[in-house]
$ cat structure34.tsv   # TSV, C-alpha atoms
chain	number	residue	atom	x	y	z
A	1	MET	CA	15.56	-5.34	-5.99
A	2	ILE	CA	11.78	-5.06	-5.89
A	3	GLY	CA	10.35	-1.57	-6.15
A	4	PHE	CA	7.06	-1.51	-4.20
A	5	ALA	CA	4.81	1.51	-4.75
A	6	PHE	CA	1.94	1.53	-2.26
A	7	ASP	CA	-0.35	3.66	-0.14
A	8	TYR	CA	-1.18	3.04	3.50
A	9	ALA	CA	-4.85	3.84	2.81
A	10	ASN	CA	-5.04	1.39	-0.10
A	11	ALA	CA	-6.44	-2.04	0.82
A	12	ALA	CA	-4.73	-3.76	-2.12
A	13	SER	CA	-1.40	-2.41	-0.84
A	14	LEU	CA	-2.19	-3.83	2.60
A	15	LEU	CA	-2.73	-7.29	1.12
A	16	ALA	CA	0.46	-7.06	-0.95
A	17	LEU	CA	2.75	-6.04	1.92
A	18	GLU	CA	3.45	-9.37	3.62
A	19	PRO	CA	3.71	-11.43	0.41
A	20	THR	CA	6.19	-8.86	-0.91
A	21	CYS	CA	8.28	-9.06	2.26
A	22	ALA	CA	8.16	-12.87	2.13
A	23	LEU	CA	9.30	-12.93	-1.50
A	24	ALA	CA	12.15	-10.49	-0.84
A	25	ASP	CA	13.28	-12.52	2.18
A	26	ASP	CA	13.07	-15.80	0.27
A	27	LEU	CA	15.16	-14.46	-2.61
A	28	GLY	CA	17.49	-12.33	-0.49
A	29	VAL	CA	16.68	-9.13	-2.36
A	30	ASP	CA	15.97	-5.63	-1.08
A	31	ILE	CA	12.68	-3.78	-1.30
A	32	GLU	CA	12.65	-0.21	-2.55
A	33	TRP	CA	9.81	1.30	-0.52
A	34	LEU	CA	7.83	3.85	-2.54
A	35	PRO	CA	4.97	5.29	-0.43
A	36	LEU	CA	2.65	7.25	-2.68
A	37	PRO	CA	-0.35	9.16	-1.33
A	38	THR	CA	-3.42	8.92	-3.51
A	39	ALA	CA	-6.45	11.15	-3.50
A	40	ALA	CA	-8.72	10.60	-0.51
A	41	ARG	CA	-11.91	8.88	-1.62
A	42	ASP	CA	-15.18	10.27	-0.31
A	43	ALA	CA	-17.63	7.85	1.23
A	44	PRO	CA	-20.43	6.83	-1.16
A	45	LEU	CA	-23.90	8.19	-0.55
A	46	PRO	CA	-25.90	5.75	1.61
A	47	ASP	CA	-29.29	6.39	-0.02
A	48	ARG	CA	-29.82	3.26	-2.14
A	49	ASP	CA	-33.41	4.08	-3.06
A	50	ASN	CA	-32.38	7.04	-5.22
A	51	GLU	CA	-29.07	5.85	-6.63
A	52	THR	CA	-28.44	5.85	-10.36
A	53	VAL	CA	-27.36	2.77	-12.28
A	54	GLY	CA	-23.79	4.08	-12.22
A	55	GLN	CA	-23.91	4.69	-8.46
A	56	ARG	CA	-25.34	1.20	-7.90
A	57	HIS	CA	-22.56	-0.31	-10.01
A	58	THR	CA	-19.95	1.62	-8.01
A	59	ARG	CA	-21.52	0.54	-4.71
A	60	VAL	CA	-21.74	-3.13	-5.68
A	61	ARG	CA	-18.13	-3.16	-6.87
A	62	ALA	CA	-17.03	-1.47	-3.62
A	63	GLU	CA	-18.96	-4.01	-1.54
A	64	TYR	CA	-17.42	-6.90	-3.47
A	65	PHE	CA	-13.94	-5.42	-3.08
A	66	ALA	CA	-14.48	-4.92	0.66
A	67	ASN	CA	-15.62	-8.54	1.07
A	68	ASP	CA	-12.67	-9.78	-1.00
A	69	THR	CA	-10.26	-7.67	1.06
A	70	ALA	CA	-11.73	-9.02	4.31
A	71	ARG	CA	-11.39	-12.60	3.09
A	72	TYR	CA	-7.71	-12.26	2.08
A	73	ALA	CA	-6.89	-10.22	5.19
A	74	ARG	CA	-8.40	-12.96	7.36
A	75	TRP	CA	-6.25	-15.57	5.59
A	76	GLN	CA	-3.17	-13.41	6.24
A	77	GLY	CA	-4.11	-12.88	9.89
A	78	ILE	CA	-4.69	-9.13	9.42
A	79	ASP	CA	-7.42	-7.22	11.28
A	80	VAL	CA	-9.51	-4.99	9.01
A	81	ASN	CA	-11.89	-2.96	11.15
A	82	ARG	CA	-12.27	0.17	9.01
A	83	ASP	CA	-12.28	1.49	5.48
A	84	ALA	CA	-10.19	4.28	4.01
A	85	ASP	CA	-12.99	6.55	2.81
A	86	GLY	CA	-12.01	10.19	3.22
A	87	VAL	CA	-8.54	9.39	4.64
A	88	ASP	CA	-5.58	11.47	3.46
A	89	SER	CA	-2.39	9.42	3.74
A	90	THR	CA	0.02	12.30	3.01
A	91	VAL	CA	1.49	12.47	6.54
A	92	ALA	CA	1.92	8.69	6.72
A	93	CYS	CA	3.66	8.69	3.32
A	94	ALA	CA	5.97	11.48	4.46
A	95	GLY	CA	6.70	9.30	7.48
A	96	GLY	CA	7.51	6.49	5.05
A	97	LEU	CA	10.12	8.70	3.35
A	98	TRP	CA	11.56	9.55	6.77
A	99	ALA	CA	11.65	5.83	7.66
A	100	ASN	CA	13.48	5.12	4.38
A	101	ARG	CA	16.04	7.77	5.28
A	102	HIS	CA	16.67	6.15	8.67
A	103	GLY	CA	16.72	2.52	7.50
A	104	VAL	CA	13.53	1.44	9.33
A	105	ALA	CA	11.09	1.36	6.43
A	106	ARG	CA	9.97	-2.25	6.79
A	107	GLU	CA	9.18	-1.93	10.49
A	108	TYR	CA	7.42	1.39	10.01
A	109	ASN	CA	5.40	0.27	6.99
A	110	ARG	CA	4.24	-2.95	8.63
A	111	HIS	CA	3.21	-1.14	11.80
A	112	VAL	CA	1.40	1.72	10.06
A	113	MET	CA	-0.46	-0.57	7.65
A	114	ARG	CA	-1.61	-3.04	10.27
A	115	GLU	CA	-2.53	-0.49	12.91
A	116	PHE	CA	-4.36	1.79	10.49
A	117	TRP	CA	-6.50	-1.00	9.04
A	118	ALA	CA	-7.16	-2.42	12.51
A	119	GLY	CA	-8.58	1.00	13.44
A	120	ARG	CA	-5.91	1.78	16.03
A	121	LEU	CA	-3.86	4.47	14.24
A	122	ASP	CA	-4.83	7.83	12.76
A	123	ILE	CA	-2.47	8.20	9.80
A	124	GLU	CA	-3.48	11.85	9.35
A	125	ASP	CA	-2.12	12.73	12.81
A	126	GLY	CA	1.49	13.94	12.63
A	127	ASP	CA	2.08	13.27	16.33
A	128	ALA	CA	0.89	9.68	15.98
A	129	ILE	CA	3.14	9.14	12.94
A	130	ALA	CA	6.09	10.71	14.77
A	131	SER	CA	5.48	8.33	17.68
A	132	VAL	CA	5.52	5.31	15.34
A	133	LEU	CA	8.75	6.57	13.78
A	134	ARG	CA	10.40	7.03	17.18
A	135	GLY	CA	9.30	3.53	18.13
A	136	SER	CA	10.88	2.24	14.91
A	137	GLY	CA	14.16	4.04	15.65
A	138	ALA	CA	13.77	7.13	13.43
A	139	PRO	CA	13.60	10.28	15.60
A	140	GLY	CA	13.17	13.86	14.48
A	141	PHE	CA	10.15	13.65	12.20
A	142	GLU	CA	8.46	16.54	14.01
A	143	GLY	CA	10.83	19.01	12.34
A	144	PHE	CA	10.69	17.44	8.88
A	145	ASP	CA	9.26	19.91	6.32
A	146	PHE	CA	8.16	17.19	3.95
A	147	ALA	CA	5.99	18.98	1.38
A	148	ALA	CA	8.70	19.60	-1.24
A	149	GLU	CA	10.39	16.24	-0.73
A	150	LEU	CA	7.11	14.35	-0.97
A	151	ALA	CA	6.14	16.26	-4.14
A	152	ALA	CA	9.51	15.42	-5.74
A	153	HIS	CA	9.13	11.78	-4.67
A	154	ARG	CA	5.62	11.62	-6.14
A	155	ASP	CA	6.86	13.06	-9.45
A	156	SER	CA	9.76	10.61	-9.53
A	157	VAL	CA	7.57	7.57	-8.88
A	158	ARG	CA	4.97	8.70	-11.42
A	159	GLY	CA	7.80	9.27	-13.90
A	160	ARG	CA	8.71	5.61	-13.55
A	161	GLY	CA	5.24	4.63	-14.80
A	162	VAL	CA	3.35	4.18	-11.53
A	163	PHE	CA	-0.30	5.24	-11.73
A	164	MET	CA	-2.15	2.48	-9.86
A	165	LEU	CA	-1.38	0.82	-6.55
A	166	PRO	CA	0.18	-1.40	-5.57
A	167	THR	CA	2.76	-1.41	-8.35
A	168	PHE	CA	5.96	-3.44	-8.50
A	169	LEU	CA	9.03	-2.28	-10.40
A	170	VAL	CA	11.56	-4.95	-11.35
A	171	GLY	CA	14.27	-3.79	-13.72
A	172	ASP	CA	12.42	-2.22	-16.64
A	173	GLU	CA	9.20	-4.14	-15.93
A	174	ILE	CA	6.09	-2.69	-14.26
A	175	PHE	CA	3.48	-4.90	-12.61
A	176	VAL	CA	0.22	-3.69	-11.06
A	177	GLY	CA	-1.19	-5.91	-8.30
A	178	ARG	CA	0.08	-8.67	-6.04
A	179	GLN	CA	-1.14	-11.34	-8.46
A	180	HIS	CA	2.10	-10.72	-10.37
A	181	LEU	CA	4.38	-11.84	-7.53
A	182	PRO	CA	4.93	-15.30	-9.13
A	183	MET	CA	6.11	-13.58	-12.32
A	184	ILE	CA	8.33	-11.27	-10.28
A	185	ARG	CA	9.84	-14.32	-8.55
A	186	TRP	CA	10.51	-15.87	-11.96
A	187	LEU	CA	12.21	-12.72	-13.24
A	188	LEU	CA	14.36	-12.39	-10.12
A	189	THR	CA	15.49	-16.03	-10.37
A	190	ASP	CA	16.86	-15.49	-13.90
A	191	ARG	CA	13.73	-16.92	-15.55
A	192	GLU	CA	14.46	-20.36	-14.17
A	193	GLY	CA	12.04	-22.89	-15.65
A	194	PRO	CA	8.87	-21.99	-17.55
A	195	GLY	CA	7.29	-18.64	-16.73
A	196	PRO	CA	4.15	-18.65	-14.54
A	197	LEU	CA	1.76	-17.87	-17.36

$ encode --input "structure34.tsv" --output "structure tokens"
Amino acid sequence: MIGFAFDYANAASLLALEPTCALADDLGVDIEWLPLPTAARDAPLPDRDNETVGQRHTRVRAEYFANDTARYARWQGIDVNRDADGVDSTVACAGGLWANRHGVAREYNRHVMREFWAGRLDIEDGDAIASVLRGSGAPGFEGFDFAAELAAHRDSVRGRGVFMLPTFLVGDEIFVGRQHLPMIRWLLTDREGPGPL
């Protein structure tokens, strides 16, 4: 099994989703879906003339990351028409727990990720999330009081050593970032051949 900790409003999680599904399908293993809301990031100040060295460094890194995300998304055939600044993914992550409960996590997660990043889904809107869940075959989300369950889930995932996203959990091993998928493949195939070092 591959534990996949992710956030819908995390671009690196978006880019890891399809390669993770492909690896699981190729190896015939299940994915343990672990949606984890992270703190909403405020948009950076646009005034470049008065920015500090630290603010400039943060802006340049963010611009590079956005360009890198766009490049990899394009290669995966994913539309990225927005950023996640200021977005709170709590409701979408609660929907992910509900999708897990009803056995439709993969369909839900793919839909929410792609539609959010394409700019067609408001993941803070409970009615919109409920509609996606119904379309995936998981009714009843409207009555789900998710605060306590999501808090317990967050504590459980953090207790397993997850602090950055996306994170993969394979046995006792923890890997941060999709660049580790070749190593995960190697571990899940009983370390067949030399490791991808």

$ atom_distance --input "structure34.tsv" --atom1 "CA of Ala147 (chain A)" --atom2 "CA of Ala94 (chain A)"
8.1 Å

$ closest_residue --input "structure34.tsv" --among "A:Asp172, A:Glu124, A:Asp190, A:Glu18" --to "Gly3 (chain A)" --atoms "all atoms listed in the file"
A:Asp172

$ atom_distance --input "structure34.tsv" --atom1 "CA of Leu169 (chain A)" --atom2 "CA of Ala5 (chain A)"
8.0 Å

$ closest_residue --input "structure34.tsv" --among "A:Ala9, A:Leu133, A:Ala39, A:Leu121" --to "Phe163 (chain A)" --atoms "all atoms listed in the file"
A:Ala39

$ axis_aligned_box --input "structure34.tsv" --around "region 128-139 of chain A" --padding-each-side "3 Å" --output "lines of an AutoDock Vina configuration file"
center_x = 7.5
center_y = 6.5
center_z = 15.5
size_x = 19.3
size_y = 14.5
size_z = 11.2

$ closest_residue --input "structure34.tsv" --among "A:Ile174, A:Asn109, A:Asp47, A:Arg120" --to "Arg59 (chain A)" --atoms "all atoms listed in the file"
A:Asp47

$ build_atoms --input "structure34.tsv" --residues "region 147-160 of chain A" --atoms "N, CA, C and O atoms" --output "short mmCIF file (atom, residue, chain, number, x, y, z; two decimals), keeping the file's coordinate frame"
data_model
loop_
_atom_site.label_atom_id
_atom_site.label_comp_id
_atom_site.auth_asym_id
_atom_site.auth_seq_id
_atom_site.Cartn_x
_atom_site.Cartn_y
_atom_site.Cartn_z
N ALA A 147 6.82 18.69 2.56
CA ALA A 147 5.99 18.98 1.38
C ALA A 147 6.78 18.91 0.08
O ALA A 147 6.38 18.23 -0.87
N ALA A 148 7.92 19.58 0.00
CA ALA A 148 8.70 19.60 -1.24
C ALA A 148 9.28 18.23 -1.55
O ALA A 148 9.27 17.77 -2.69
N GLU A 149 9.80 17.56 -0.51
CA GLU A 149 10.39 16.24 -0.73
C GLU A 149 9.35 15.23 -1.18
O GLU A 149 9.59 14.42 -2.08
N LEU A 150 8.17 15.28 -0.58
CA LEU A 150 7.11 14.35 -0.97
C LEU A 150 6.63 14.64 -2.40
O LEU A 150 6.37 13.71 -3.17
N ALA A 151 6.55 15.90 -2.77
CA ALA A 151 6.14 16.26 -4.14
C ALA A 151 7.16 15.75 -5.15
O ALA A 151 6.80 15.19 -6.20
N ALA A 152 8.45 15.91 -4.85
CA ALA A 152 9.51 15.42 -5.74
C ALA A 152 9.47 13.90 -5.83
O ALA A 152 9.64 13.32 -6.92
N HIS A 153 9.24 13.25 -4.71
CA HIS A 153 9.13 11.78 -4.67
C HIS A 153 7.95 11.32 -5.52
O HIS A 153 8.08 10.40 -6.34
N ARG A 154 6.80 11.98 -5.36
CA ARG A 154 5.62 11.62 -6.14
C ARG A 154 5.90 11.76 -7.64
O ARG A 154 5.59 10.86 -8.43
N ASP A 155 6.53 12.86 -8.04
CA ASP A 155 6.86 13.06 -9.45
C ASP A 155 7.81 11.99 -9.95
O ASP A 155 7.67 11.49 -11.08
N SER A 156 8.78 11.63 -9.14
CA SER A 156 9.76 10.61 -9.53
C SER A 156 9.09 9.25 -9.73
O SER A 156 9.34 8.57 -10.73
N VAL A 157 8.23 8.87 -8.79
CA VAL A 157 7.57 7.57 -8.88
C VAL A 157 6.61 7.55 -10.06
O VAL A 157 6.57 6.58 -10.83
N ARG A 158 5.87 8.62 -10.25
CA ARG A 158 4.97 8.70 -11.42
C ARG A 158 5.78 8.65 -12.72
O ARG A 158 5.37 8.04 -13.70
N GLY A 159 6.95 9.28 -12.72
CA GLY A 159 7.80 9.27 -13.90
C GLY A 159 8.32 7.89 -14.25
O GLY A 159 8.73 7.65 -15.39
N ARG A 160 8.28 6.99 -13.29
CA ARG A 160 8.71 5.61 -13.55
C ARG A 160 7.55 4.74 -14.04
O ARG A 160 7.71 3.55 -14.21
#
